[in-house]
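Following: one structure in structure tokens, then a few remarks.
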Amino acid sequence: MKPPHSLLGIRQLTTPQIEAILKLARRMDPKRPPQLLRGKRVVLLFYESSTRTRTSFEFAAKALGATTTLITAASSSIEKGESLIDTGWTITSLEADAIVIRHPNSGAPYLLARHVPVPVVNAGDGMHQHPSQALLDALTIANHKTRLKGLRVVIVGDVYHSRVARSNAELLSRFGAEIVFCGPPNFVPGVSATIAPGVVATHDLNAALQGADVVMSLRVQKERLAGKHHSVEDYIADYQITPQRMKLAKPDAILMHPGPLIRGMELTSEVADGPQACILEQVRNGVKVRMAIMATVLGAAR
Ligand code: NCD
């Protein structure tokens, strides 16, 4: 099997490539890492804020022996108006071996990958894709459930604006999971249509949660609710994940959240810190998955 040159989105990966990354991630030990990337230079090009994604890509690359440099929009020539492609050419002229990019515009990593000779890893582009998050979420689910096939995964919150929801739905439905998008109409439009094979949508959270194996809560920004059909109070009343609502799911259901989480908004602290929550496990798995991703695109996976 040929490993991917870049990691842009879930659709660009074959099923064997996804399986290979997850298998490699399971073997990665961030405390005793193999020096697969010794001498490699990885640029972290972040046009958008990030805590866990940026830190875990940095730890992952460094753990494998690479050096990393962070470029953020605010303190670089990006602020002076340099284009993405010119920044990419500058970075590769400095002999970087790979670029990890987060960008507010959907498609930006794809554009960059067409113009630079080195692997490009998408760390989140606009509302579009967040493939490393979907891979770490799949690893987390697989650690708790025997198989992905047939699992009921309910993704609750601002699905419309969420690259996490899109990437997860694509990856998990590929492996036979049933995906239910749930939220108010402005967050989950078009409930009548089947979005993709294995993906359905509803506005009824209580119905969605019945028999759920995985409940994935997404961040909800107050600004996105302003002036729309739902007020903050309505959102909390209808969609907040609470201990009572978790009882509708299967007794062994797990609760996930990609972070950053807003306590008291999309979920209560009781649930976020409760026994079903896997939120910090997701963060830990992020380092292992990103080690596997970097080793894969840099041709060092073995
Ligand atoms: C998410 C993101 O930035 O896409 N966070 C993450 O990377 N773990 C989700 C969000 O910002 O709500």
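Lettering and numbering for the structure tokens are positional, with chains as A, B, ... in the shown order, residues counted from 1 in each chain, and ligands counted from 1 in the shown order.
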Produce as JSON, numbers by chain the set of residues near ligand 1, where near means within 6 Å with only C-alpha atoms and all ligand atoms considered.
{"A": [53, 124, 163, 164, 219, 258, 259, 260]}
Near Phe181 (chain A), counting only C-alpha atoms, which residues have an atom at most 8 Å away, once you skip same-chain residues fewer than 6 positions from it, shown as a PDB file with all heavy atoms, in the first residue's frame?
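Now in selection-v8.pdb:
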```
ATOM      1  N   VAL A 154     -23.845   9.959  17.757  1.00  0.00           N
ATOM      2  CA  VAL A 154     -24.691  11.145  17.694  1.00  0.00           C
ATOM      3  C   VAL A 154     -23.805  12.386  17.869  1.00  0.00           C
ATOM      4  O   VAL A 154     -23.122  12.528  18.892  1.00  0.00           O
ATOM      5  CB  VAL A 154     -25.785  11.089  18.783  1.00  0.00           C
ATOM      6  CG1 VAL A 154     -26.714  12.288  18.663  1.00  0.00           C
ATOM      7  CG2 VAL A 154     -26.583   9.793  18.662  1.00  0.00           C
ATOM      8  N   ILE A 155     -23.790  13.239  16.868  1.00  0.00           N
ATOM      9  CA  ILE A 155     -22.946  14.441  16.893  1.00  0.00           C
ATOM     10  C   ILE A 155     -23.863  15.640  17.112  1.00  0.00           C
ATOM     11  O   ILE A 155     -24.735  15.929  16.294  1.00  0.00           O
ATOM     12  CB  ILE A 155     -22.128  14.565  15.587  1.00  0.00           C
ATOM     13  CG1 ILE A 155     -21.289  13.302  15.359  1.00  0.00           C
ATOM     14  CG2 ILE A 155     -21.257  15.821  15.617  1.00  0.00           C
ATOM     15  CD1 ILE A 155     -20.387  13.316  14.123  1.00  0.00           C
ATOM     16  N   VAL A 156     -23.680  16.304  18.268  1.00  0.00           N
ATOM     17  CA  VAL A 156     -24.656  17.311  18.722  1.00  0.00           C
ATOM     18  C   VAL A 156     -24.031  18.704  18.791  1.00  0.00           C
ATOM     19  O   VAL A 156     -22.973  18.873  19.395  1.00  0.00           O
ATOM     20  CB  VAL A 156     -25.171  16.964  20.144  1.00  0.00           C
ATOM     21  CG1 VAL A 156     -26.330  17.867  20.526  1.00  0.00           C
ATOM     22  CG2 VAL A 156     -25.570  15.509  20.253  1.00  0.00           C
ATOM     23  N   VAL A 159     -23.175  21.692  14.020  1.00  0.00           N
ATOM     24  CA  VAL A 159     -22.676  20.779  12.981  1.00  0.00           C
ATOM     25  C   VAL A 159     -22.341  21.557  11.701  1.00  0.00           C
ATOM     26  O   VAL A 159     -21.319  21.320  11.058  1.00  0.00           O
ATOM     27  CB  VAL A 159     -23.731  19.684  12.685  1.00  0.00           C
ATOM     28  CG1 VAL A 159     -23.319  18.827  11.507  1.00  0.00           C
ATOM     29  CG2 VAL A 159     -23.974  18.830  13.914  1.00  0.00           C
ATOM     30  N   VAL A 188     -28.215  22.567  12.080  1.00  0.00           N
ATOM     31  CA  VAL A 188     -28.401  21.318  11.329  1.00  0.00           C
ATOM     32  C   VAL A 188     -29.507  21.539  10.293  1.00  0.00           C
ATOM     33  O   VAL A 188     -30.660  21.194  10.524  1.00  0.00           O
ATOM     34  CB  VAL A 188     -28.735  20.133  12.266  1.00  0.00           C
ATOM     35  CG1 VAL A 188     -28.918  18.842  11.474  1.00  0.00           C
ATOM     36  CG2 VAL A 188     -27.658  19.934  13.316  1.00  0.00           C
ATOM     37  N   VAL A 199     -25.490   8.669   7.071  1.00  0.00           N
ATOM     38  CA  VAL A 199     -25.549   9.915   7.838  1.00  0.00           C
ATOM     39  C   VAL A 199     -26.968  10.482   7.766  1.00  0.00           C
ATOM     40  O   VAL A 199     -27.500  10.711   6.687  1.00  0.00           O
ATOM     41  CB  VAL A 199     -24.557  10.970   7.283  1.00  0.00           C
ATOM     42  CG1 VAL A 199     -24.557  12.219   8.170  1.00  0.00           C
ATOM     43  CG2 VAL A 199     -23.149  10.396   7.169  1.00  0.00           C
ATOM     44  N   VAL A 200     -27.594  10.676   8.935  1.00  0.00           N
ATOM     45  CA  VAL A 200     -28.930  11.285   8.976  1.00  0.00           C
ATOM     46  C   VAL A 200     -28.886  12.501   9.900  1.00  0.00           C
ATOM     47  O   VAL A 200     -27.903  12.699  10.631  1.00  0.00           O
ATOM     48  CB  VAL A 200     -30.007  10.283   9.470  1.00  0.00           C
ATOM     49  CG1 VAL A 200     -30.169   9.113   8.519  1.00  0.00           C
ATOM     50  CG2 VAL A 200     -29.690   9.793  10.875  1.00  0.00           C
ATOM     51  N   ALA A 201     -29.943  13.322   9.843  1.00  0.00           N
ATOM     52  CA  ALA A 201     -29.973  14.528  10.673  1.00  0.00           C
ATOM     53  C   ALA A 201     -31.337  14.662  11.330  1.00  0.00           C
ATOM     54  O   ALA A 201     -32.348  14.235  10.774  1.00  0.00           O
ATOM     55  CB  ALA A 201     -29.682  15.748   9.812  1.00  0.00           C
ATOM     56  N   THR A 202     -31.341  15.254  12.527  1.00  0.00           N
ATOM     57  CA  THR A 202     -32.594  15.466  13.251  1.00  0.00           C
ATOM     58  C   THR A 202     -32.462  16.696  14.151  1.00  0.00           C
ATOM     59  O   THR A 202     -31.350  17.088  14.519  1.00  0.00           O
ATOM     60  CB  THR A 202     -32.953  14.223  14.103  1.00  0.00           C
ATOM     61  OG1 THR A 202     -34.110  14.522  14.882  1.00  0.00           O
ATOM     62  CG2 THR A 202     -31.843  13.819  15.051  1.00  0.00           C
TER      63      THR A 202
END
```
List every residue of region 54-296 of chain A that DSSP, applied to the backbone of this structure, assigns to strand (DSSP E or B), and report them as a ChimeraX atom specification.
/A:67-72,98-103,120-125,129,152-156,178-182,196,199-202,214-217,241,254-256,263,267,277
With C-alpha atoms retained, could you export that selection as a CSV table (one decimal), in the first residue's frame?
```csv
chain,number,residue,atom,x,y,z
A,67,THR,CA,12.7,20.1,14.7
A,68,THR,CA,9.6,22.4,14.5
A,69,THR,CA,9.1,26.1,13.8
A,70,LEU,CA,5.8,27.8,14.5
A,71,ILE,CA,4.6,30.5,12.1
A,72,THR,CA,1.5,32.4,13.2
A,98,ALA,CA,6.7,19.2,5.8
A,99,ILE,CA,4.1,21.9,6.5
A,100,VAL,CA,1.2,21.5,9.0
A,101,ILE,CA,-1.3,24.2,8.2
A,102,ARG,CA,-4.5,25.5,9.9
A,103,HIS,CA,-6.4,28.1,7.9
A,120,VAL,CA,1.1,19.3,3.6
A,121,VAL,CA,-0.9,18.2,6.6
A,122,ASN,CA,-4.3,19.8,7.1
A,123,ALA,CA,-4.8,20.8,10.8
A,124,GLY,CA,-8.2,22.3,10.1
A,125,ASP,CA,-9.4,24.4,7.2
A,129,GLN,CA,-12.0,19.2,7.1
A,152,ARG,CA,-24.7,4.8,16.6
A,153,VAL,CA,-22.7,8.0,16.8
A,154,VAL,CA,-24.7,11.1,17.7
A,155,ILE,CA,-22.9,14.4,16.9
A,156,VAL,CA,-24.7,17.3,18.7
A,178,GLU,CA,-24.4,5.2,11.8
A,179,ILE,CA,-24.0,9.0,12.1
A,180,VAL,CA,-26.8,11.2,13.5
A,181,PHE,CA,-26.3,15.0,13.3
A,182,CYS,CA,-28.4,16.8,15.9
A,196,ALA,CA,-24.7,10.8,2.8
A,199,VAL,CA,-25.5,9.9,7.8
A,200,VAL,CA,-28.9,11.3,9.0
A,201,ALA,CA,-30.0,14.5,10.7
A,202,THR,CA,-32.6,15.5,13.3
A,214,VAL,CA,-21.1,7.6,21.2
A,215,VAL,CA,-22.3,11.1,22.0
A,216,MET,CA,-20.0,13.7,20.5
A,217,SER,CA,-20.7,17.2,21.7
A,241,ILE,CA,-25.9,17.4,27.2
A,254,ILE,CA,-19.0,7.3,25.7
A,255,LEU,CA,-19.0,11.1,25.7
A,256,MET,CA,-16.6,12.9,23.4
A,263,ARG,CA,-19.0,24.3,30.2
A,267,LEU,CA,-22.6,20.3,28.1
A,277,ALA,CA,-16.3,11.3,29.3
```
Got a sec: who's within 12 Å of Ala66 (chain A), counting only C-alpha atoms, leaving out chain neighbours fewer than 6 positions off, as a list in words?
Pro33, Pro34, Gln35, Leu36, Leu37, Arg38, Gly39, Lys40, Arg41, Val42, Val43, Phe57, Glu58, Phe59, Ala60, Ala96, Asp97, Ala98, Met291, Met294, Ala295, Leu298 and Ala300 of chain A
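When only C-alpha atoms are used to measure the gap to Ala63 (chain A), the shortest distance among A:Asp273, A:Pro30, A:Val116, A:Thr90 belongs to A:Pro30.
Here CA of Asp29 (chain A) stands at a distance of 17.8 Å from CA of Ala138 (chain A).
For the pair CA of Ala73 (chain A) and CA of Pro109 (chain A), the interatomic distance is 15.1 Å.
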May I ask which of the residues A:Cys278, A:Met1, A:Ala207, A:Leu171 is the closest one to Ser132 (chain A), counting only C-alpha atoms?
A:Leu171
In terms of only C-alpha atoms, the residue from A:Gln210, A:Ser56, A:Ser106, A:Gln240 at minimal distance from Asn285 (chain A) is A:Ser56
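Distances to Ala253 (chain A) were evaluated for A:Ala237, A:Ile293, A:Leu209, A:Leu24 using only C-alpha atoms, and the minimum falls at A:Leu209.
For the pair CA of His130 (chain A) and CA of Ser167 (chain A), the interatomic distance is 5.9 Å.
Look at Leu135 (chain A): the protein and nucleic acid residues within 10 Å of it, using only C-alpha atoms and passing over chain neighbours fewer than 6 places away, are Ile10, Ile18, Glu19, Ile21, Leu22, Ala25, Ile141, Ser167, Asn168, Leu171, Leu172, Asn285, Gly286, Val289, Arg290 and Ile293 of chain A.
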Output all heavy atoms for every residue in the selection just made, as a short mmCIF file (atom, residue, chain, number, x, y, z; two decimals), in the first residue's frame.
```cif
data_model
loop_
_atom_site.label_atom_id
_atom_site.label_comp_id
_atom_site.auth_asym_id
_atom_site.auth_seq_id
_atom_site.Cartn_x
_atom_site.Cartn_y
_atom_site.Cartn_z
N ILE A 10 -10.34 13.48 4.72
CA ILE A 10 -10.63 12.04 4.86
C ILE A 10 -10.88 11.40 3.50
O ILE A 10 -10.43 10.29 3.23
CB ILE A 10 -11.82 11.82 5.82
CG1 ILE A 10 -11.45 12.29 7.24
CG2 ILE A 10 -12.27 10.35 5.82
CD1 ILE A 10 -10.25 11.60 7.87
N ILE A 18 -6.13 4.66 6.04
CA ILE A 18 -6.67 5.03 7.37
C ILE A 18 -6.30 3.95 8.39
O ILE A 18 -5.81 4.24 9.49
CB ILE A 18 -8.21 5.20 7.30
CG1 ILE A 18 -8.57 6.39 6.43
CG2 ILE A 18 -8.80 5.35 8.71
CD1 ILE A 18 -10.07 6.55 6.16
N GLU A 19 -6.50 2.70 8.00
CA GLU A 19 -6.21 1.59 8.92
C GLU A 19 -4.72 1.57 9.29
O GLU A 19 -4.36 1.32 10.45
CB GLU A 19 -6.62 0.26 8.28
CG GLU A 19 -8.14 0.09 8.32
CD GLU A 19 -8.65 -1.04 7.43
OE1 GLU A 19 -7.91 -1.47 6.52
OE2 GLU A 19 -9.81 -1.47 7.63
N ILE A 21 -2.62 4.14 9.40
CA ILE A 21 -2.30 5.25 10.32
C ILE A 21 -2.76 4.89 11.74
O ILE A 21 -2.02 5.09 12.71
CB ILE A 21 -2.94 6.58 9.84
CG1 ILE A 21 -2.28 7.05 8.55
CG2 ILE A 21 -2.80 7.67 10.93
CD1 ILE A 21 -2.96 8.24 7.88
N LEU A 22 -3.96 4.31 11.85
CA LEU A 22 -4.47 3.97 13.19
C LEU A 22 -3.63 2.86 13.83
O LEU A 22 -3.35 2.89 15.03
CB LEU A 22 -5.95 3.55 13.11
CG LEU A 22 -6.92 4.67 12.69
CD1 LEU A 22 -8.34 4.13 12.56
CD2 LEU A 22 -6.89 5.83 13.69
N ALA A 25 -0.46 4.43 14.97
CA ALA A 25 -0.72 5.29 16.14
C ALA A 25 -0.77 4.46 17.42
O ALA A 25 -0.25 4.86 18.47
CB ALA A 25 -2.02 6.06 15.95
N ILE A 141 -12.58 5.95 19.92
CA ILE A 141 -13.78 5.09 19.90
C ILE A 141 -13.36 3.62 19.86
O ILE A 141 -13.90 2.78 20.60
CB ILE A 141 -14.69 5.42 18.69
CG1 ILE A 141 -15.25 6.85 18.83
CG2 ILE A 141 -15.84 4.42 18.58
CD1 ILE A 141 -15.97 7.37 17.59
N SER A 167 -15.52 15.70 9.05
CA SER A 167 -14.46 14.70 8.92
C SER A 167 -14.84 13.40 9.64
O SER A 167 -14.59 12.31 9.14
CB SER A 167 -13.14 15.24 9.49
OG SER A 167 -12.71 16.34 8.73
N ASN A 168 -15.43 13.55 10.83
CA ASN A 168 -15.83 12.35 11.57
C ASN A 168 -16.91 11.57 10.84
O ASN A 168 -16.87 10.34 10.79
CB ASN A 168 -16.33 12.74 12.96
CG ASN A 168 -15.25 12.59 14.00
OD1 ASN A 168 -14.72 11.50 14.21
ND2 ASN A 168 -14.88 13.68 14.64
N LEU A 171 -15.31 9.68 7.98
CA LEU A 171 -14.47 8.54 8.38
C LEU A 171 -15.30 7.41 9.00
O LEU A 171 -15.20 6.24 8.61
CB LEU A 171 -13.38 8.99 9.35
CG LEU A 171 -12.26 7.98 9.64
CD1 LEU A 171 -11.02 8.69 10.17
CD2 LEU A 171 -12.64 6.89 10.60
N LEU A 172 -16.15 7.75 9.96
CA LEU A 172 -16.86 6.71 10.72
C LEU A 172 -17.91 6.01 9.86
O LEU A 172 -18.11 4.80 9.98
CB LEU A 172 -17.49 7.31 11.98
CG LEU A 172 -16.47 7.88 12.98
CD1 LEU A 172 -17.17 8.64 14.09
CD2 LEU A 172 -15.58 6.78 13.56
N ASN A 285 -4.67 10.83 22.83
CA ASN A 285 -4.57 10.08 21.57
C ASN A 285 -4.13 10.97 20.41
O ASN A 285 -3.58 10.48 19.43
CB ASN A 285 -5.90 9.42 21.24
CG ASN A 285 -6.15 8.20 22.11
OD1 ASN A 285 -5.21 7.58 22.62
ND2 ASN A 285 -7.42 7.84 22.29
N GLY A 286 -4.38 12.27 20.56
CA GLY A 286 -3.97 13.21 19.50
C GLY A 286 -2.48 13.17 19.24
O GLY A 286 -2.04 13.27 18.10
N VAL A 289 -1.66 9.83 17.34
CA VAL A 289 -2.15 9.86 15.96
C VAL A 289 -1.30 10.81 15.11
O VAL A 289 -0.96 10.52 13.97
CB VAL A 289 -3.64 10.24 15.92
CG1 VAL A 289 -4.07 10.72 14.55
CG2 VAL A 289 -4.49 9.05 16.34
N ARG A 290 -0.93 11.94 15.69
CA ARG A 290 -0.14 12.90 14.90
C ARG A 290 1.29 12.42 14.72
O ARG A 290 1.94 12.76 13.73
CB ARG A 290 -0.25 14.29 15.53
CG ARG A 290 -1.66 14.82 15.27
CD ARG A 290 -2.09 16.01 16.04
NE ARG A 290 -3.44 16.37 15.62
CZ ARG A 290 -4.44 16.65 16.45
NH1 ARG A 290 -4.26 16.61 17.76
NH2 ARG A 290 -5.62 16.97 15.97
N ILE A 293 0.81 10.20 11.77
CA ILE A 293 0.59 11.00 10.55
C ILE A 293 1.91 11.57 10.03
O ILE A 293 2.22 11.46 8.84
CB ILE A 293 -0.41 12.15 10.83
CG1 ILE A 293 -1.82 11.59 11.06
CG2 ILE A 293 -0.41 13.17 9.69
CD1 ILE A 293 -2.82 12.61 11.60
#
```
Just asking: which residues within region 76-160 of chain A are alpha helix (DSSP H) according to DSSP, as a short mmCIF file (atom, residue, chain, number, x, y, z; two decimals) with all heavy atoms, in the first residue's frame?
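Below is the file states.cif, written as the result:
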```cif
data_model
loop_
_atom_site.label_atom_id
_atom_site.label_comp_id
_atom_site.auth_asym_id
_atom_site.auth_seq_id
_atom_site.Cartn_x
_atom_site.Cartn_y
_atom_site.Cartn_z
N LEU A 84 -0.58 33.07 0.62
CA LEU A 84 -0.33 31.72 1.13
C LEU A 84 0.72 31.01 0.28
O LEU A 84 1.63 30.36 0.81
CB LEU A 84 -1.65 30.93 1.13
CG LEU A 84 -1.57 29.45 1.46
CD1 LEU A 84 -1.02 29.23 2.86
CD2 LEU A 84 -2.95 28.79 1.33
N ILE A 85 0.62 31.15 -1.03
CA ILE A 85 1.56 30.44 -1.92
C ILE A 85 2.97 31.01 -1.77
O ILE A 85 3.94 30.25 -1.69
CB ILE A 85 1.06 30.50 -3.38
CG1 ILE A 85 -0.27 29.72 -3.48
CG2 ILE A 85 2.08 29.93 -4.35
CD1 ILE A 85 -1.02 29.92 -4.77
N ASP A 86 3.09 32.33 -1.68
CA ASP A 86 4.43 32.91 -1.47
C ASP A 86 5.01 32.47 -0.12
O ASP A 86 6.20 32.20 -0.02
CB ASP A 86 4.36 34.44 -1.57
CG ASP A 86 4.32 34.91 -3.02
OD1 ASP A 86 5.03 34.31 -3.86
OD2 ASP A 86 3.57 35.85 -3.32
N THR A 87 4.16 32.41 0.89
CA THR A 87 4.64 31.93 2.21
C THR A 87 5.09 30.48 2.07
O THR A 87 6.15 30.10 2.59
CB THR A 87 3.52 32.07 3.27
OG1 THR A 87 3.17 33.44 3.38
CG2 THR A 87 3.99 31.57 4.63
N GLY A 88 4.33 29.67 1.33
CA GLY A 88 4.69 28.26 1.12
C GLY A 88 6.04 28.13 0.40
O GLY A 88 6.89 27.33 0.80
N TRP A 89 6.25 28.94 -0.63
CA TRP A 89 7.52 28.88 -1.37
C TRP A 89 8.68 29.32 -0.49
O TRP A 89 9.78 28.79 -0.56
CB TRP A 89 7.44 29.75 -2.63
CG TRP A 89 6.62 29.12 -3.72
CD1 TRP A 89 6.31 27.81 -3.86
CD2 TRP A 89 5.99 29.79 -4.83
NE1 TRP A 89 5.53 27.61 -4.98
CE2 TRP A 89 5.32 28.81 -5.60
CE3 TRP A 89 5.92 31.12 -5.25
CZ2 TRP A 89 4.60 29.11 -6.75
CZ3 TRP A 89 5.21 31.42 -6.40
CH2 TRP A 89 4.54 30.43 -7.14
N THR A 90 8.41 30.32 0.38
CA THR A 90 9.46 30.78 1.30
C THR A 90 9.84 29.64 2.25
O THR A 90 11.02 29.35 2.46
CB THR A 90 8.95 32.00 2.10
OG1 THR A 90 8.56 33.01 1.16
CG2 THR A 90 10.01 32.54 3.03
N ILE A 91 8.83 28.99 2.78
CA ILE A 91 9.08 27.91 3.76
C ILE A 91 9.85 26.76 3.10
O ILE A 91 10.79 26.21 3.69
CB ILE A 91 7.73 27.40 4.34
CG1 ILE A 91 7.10 28.47 5.22
CG2 ILE A 91 7.92 26.10 5.13
CD1 ILE A 91 5.65 28.18 5.61
N THR A 92 9.49 26.42 1.87
CA THR A 92 10.19 25.28 1.25
C THR A 92 11.59 25.70 0.77
O THR A 92 12.49 24.87 0.73
CB THR A 92 9.37 24.65 0.11
OG1 THR A 92 8.88 25.67 -0.76
CG2 THR A 92 8.21 23.86 0.65
N SER A 93 11.78 26.99 0.46
CA SER A 93 13.13 27.44 0.12
C SER A 93 14.03 27.38 1.34
O SER A 93 15.25 27.23 1.23
CB SER A 93 13.11 28.88 -0.43
OG SER A 93 12.34 28.90 -1.61
N ALA A 108 -7.75 25.90 1.78
CA ALA A 108 -6.40 26.49 1.78
C ALA A 108 -5.28 25.42 1.76
O ALA A 108 -4.34 25.55 0.97
CB ALA A 108 -6.22 27.44 2.96
N PRO A 109 -5.37 24.34 2.54
CA PRO A 109 -4.29 23.34 2.51
C PRO A 109 -4.18 22.65 1.14
O PRO A 109 -3.09 22.28 0.72
CB PRO A 109 -4.68 22.33 3.58
CG PRO A 109 -5.64 23.05 4.47
CD PRO A 109 -6.37 24.02 3.60
N TYR A 110 -5.33 22.51 0.46
CA TYR A 110 -5.34 21.86 -0.87
C TYR A 110 -4.61 22.76 -1.86
O TYR A 110 -3.84 22.28 -2.70
CB TYR A 110 -6.78 21.61 -1.34
CG TYR A 110 -7.57 20.67 -0.45
CD1 TYR A 110 -7.96 21.03 0.83
CD2 TYR A 110 -7.93 19.41 -0.90
CE1 TYR A 110 -8.68 20.17 1.65
CE2 TYR A 110 -8.66 18.53 -0.10
CZ TYR A 110 -9.02 18.93 1.17
OH TYR A 110 -9.73 18.07 1.97
N LEU A 111 -4.87 24.06 -1.77
CA LEU A 111 -4.20 25.03 -2.65
C LEU A 111 -2.69 25.00 -2.40
O LEU A 111 -1.89 24.91 -3.34
CB LEU A 111 -4.76 26.44 -2.38
CG LEU A 111 -4.10 27.58 -3.16
CD1 LEU A 111 -4.52 27.53 -4.62
CD2 LEU A 111 -4.50 28.94 -2.56
N LEU A 112 -2.32 25.05 -1.13
CA LEU A 112 -0.89 25.03 -0.79
C LEU A 112 -0.23 23.77 -1.32
O LEU A 112 0.86 23.82 -1.91
CB LEU A 112 -0.73 25.14 0.74
CG LEU A 112 0.71 25.15 1.26
CD1 LEU A 112 1.45 26.40 0.81
CD2 LEU A 112 0.72 25.06 2.80
N ALA A 113 -0.89 22.63 -1.13
CA ALA A 113 -0.31 21.34 -1.54
C ALA A 113 -0.06 21.28 -3.05
O ALA A 113 0.83 20.56 -3.50
CB ALA A 113 -1.22 20.19 -1.11
N ARG A 114 -0.85 22.03 -3.82
CA ARG A 114 -0.65 22.03 -5.28
C ARG A 114 0.59 22.81 -5.68
O ARG A 114 1.07 22.70 -6.80
CB ARG A 114 -1.87 22.63 -5.98
CG ARG A 114 -3.04 21.66 -6.08
CD ARG A 114 -3.88 21.93 -7.32
NE ARG A 114 -4.47 23.27 -7.30
CZ ARG A 114 -5.60 23.57 -6.67
NH1 ARG A 114 -6.27 22.64 -6.03
NH2 ARG A 114 -6.07 24.80 -6.69
N HIS A 115 1.10 23.66 -4.77
CA HIS A 115 2.20 24.55 -5.14
C HIS A 115 3.52 24.26 -4.46
O HIS A 115 4.54 24.82 -4.85
CB HIS A 115 1.80 26.01 -4.86
CG HIS A 115 0.78 26.51 -5.84
ND1 HIS A 115 -0.58 26.37 -5.64
CD2 HIS A 115 0.92 27.12 -7.04
CE1 HIS A 115 -1.23 26.88 -6.67
NE2 HIS A 115 -0.35 27.33 -7.53
N PRO A 131 -8.86 16.31 9.39
CA PRO A 131 -8.66 14.86 9.32
C PRO A 131 -7.92 14.26 10.51
O PRO A 131 -8.24 13.15 10.93
CB PRO A 131 -7.87 14.67 8.01
CG PRO A 131 -7.29 16.01 7.69
CD PRO A 131 -8.24 17.02 8.24
N SER A 132 -6.96 14.99 11.09
CA SER A 132 -6.24 14.40 12.22
C SER A 132 -7.18 14.24 13.42
O SER A 132 -7.04 13.31 14.21
CB SER A 132 -4.99 15.21 12.58
OG SER A 132 -5.33 16.50 13.05
N GLN A 133 -8.15 15.16 13.56
CA GLN A 133 -9.12 15.03 14.65
C GLN A 133 -9.99 13.80 14.44
O GLN A 133 -10.25 13.03 15.37
CB GLN A 133 -10.00 16.29 14.71
CG GLN A 133 -11.04 16.27 15.81
CD GLN A 133 -10.46 16.46 17.20
OE1 GLN A 133 -9.58 17.28 17.40
NE2 GLN A 133 -10.94 15.70 18.18
N ALA A 134 -10.44 13.59 13.20
CA ALA A 134 -11.29 12.41 12.94
C ALA A 134 -10.50 11.12 13.20
O ALA A 134 -11.05 10.15 13.74
CB ALA A 134 -11.79 12.43 11.50
N LEU A 135 -9.22 11.12 12.85
CA LEU A 135 -8.42 9.92 13.09
C LEU A 135 -8.23 9.67 14.59
O LEU A 135 -8.32 8.53 15.06
CB LEU A 135 -7.06 10.05 12.38
CG LEU A 135 -7.13 9.92 10.86
CD1 LEU A 135 -5.89 10.53 10.19
CD2 LEU A 135 -7.27 8.45 10.44
N LEU A 136 -7.99 10.73 15.35
CA LEU A 136 -7.80 10.51 16.80
C LEU A 136 -9.13 10.14 17.47
O LEU A 136 -9.16 9.38 18.44
CB LEU A 136 -7.13 11.73 17.46
CG LEU A 136 -7.94 12.99 17.74
CD1 LEU A 136 -8.63 12.96 19.08
CD2 LEU A 136 -7.02 14.21 17.69
N ASP A 137 -10.23 10.65 16.91
CA ASP A 137 -11.54 10.27 17.45
C ASP A 137 -11.83 8.80 17.15
O ASP A 137 -12.35 8.08 18.00
CB ASP A 137 -12.64 11.17 16.88
CG ASP A 137 -12.59 12.58 17.46
OD1 ASP A 137 -11.97 12.75 18.54
OD2 ASP A 137 -13.14 13.51 16.86
N ALA A 138 -11.47 8.35 15.95
CA ALA A 138 -11.67 6.94 15.60
C ALA A 138 -10.85 6.04 16.52
O ALA A 138 -11.32 4.99 16.98
CB ALA A 138 -11.30 6.70 14.14
N LEU A 139 -9.62 6.46 16.80
CA LEU A 139 -8.76 5.67 17.70
C LEU A 139 -9.38 5.60 19.10
O LEU A 139 -9.42 4.54 19.73
CB LEU A 139 -7.36 6.30 17.77
CG LEU A 139 -6.34 5.55 18.61
CD1 LEU A 139 -5.98 4.21 17.97
CD2 LEU A 139 -5.06 6.38 18.81
N THR A 140 -9.90 6.73 19.56
CA THR A 140 -10.51 6.78 20.90
C THR A 140 -11.74 5.87 20.95
O THR A 140 -11.90 5.09 21.91
CB THR A 140 -10.90 8.24 21.25
OG1 THR A 140 -9.76 9.06 21.08
CG2 THR A 140 -11.41 8.35 22.68
N ILE A 141 -12.58 5.95 19.92
CA ILE A 141 -13.78 5.09 19.90
C ILE A 141 -13.36 3.62 19.86
O ILE A 141 -13.90 2.78 20.60
CB ILE A 141 -14.69 5.42 18.69
CG1 ILE A 141 -15.25 6.85 18.83
CG2 ILE A 141 -15.84 4.42 18.58
CD1 ILE A 141 -15.97 7.37 17.59
N ALA A 142 -12.38 3.31 19.03
CA ALA A 142 -11.94 1.92 18.88
C ALA A 142 -11.36 1.36 20.19
O ALA A 142 -11.40 0.16 20.44
CB ALA A 142 -10.92 1.81 17.75
N ASN A 143 -10.84 2.24 21.05
CA ASN A 143 -10.31 1.79 22.34
C ASN A 143 -11.43 1.37 23.30
O ASN A 143 -11.18 0.68 24.28
CB ASN A 143 -9.48 2.90 23.01
CG ASN A 143 -8.12 3.06 22.35
OD1 ASN A 143 -7.70 2.20 21.57
ND2 ASN A 143 -7.45 4.17 22.63
N HIS A 144 -12.66 1.82 23.02
CA HIS A 144 -13.78 1.52 23.92
C HIS A 144 -14.78 0.54 23.35
O HIS A 144 -15.55 -0.05 24.10
CB HIS A 144 -14.51 2.82 24.29
CG HIS A 144 -13.70 3.70 25.18
ND1 HIS A 144 -13.75 3.63 26.54
CD2 HIS A 144 -12.77 4.64 24.88
CE1 HIS A 144 -12.90 4.51 27.05
NE2 HIS A 144 -12.29 5.14 26.06
#
```
Rank nothing, just name the residue among A:Ser76, A:Ser173, A:Thr296, A:Asn186 nearest to Leu225 (chain A), using only C-alpha atoms.
A:Asn186
Counting only C-alpha atoms, which of A:Leu205, A:Leu261, A:Ala177, A:Leu248 gets nearest to Leu218 (chain A)?
A:Leu261
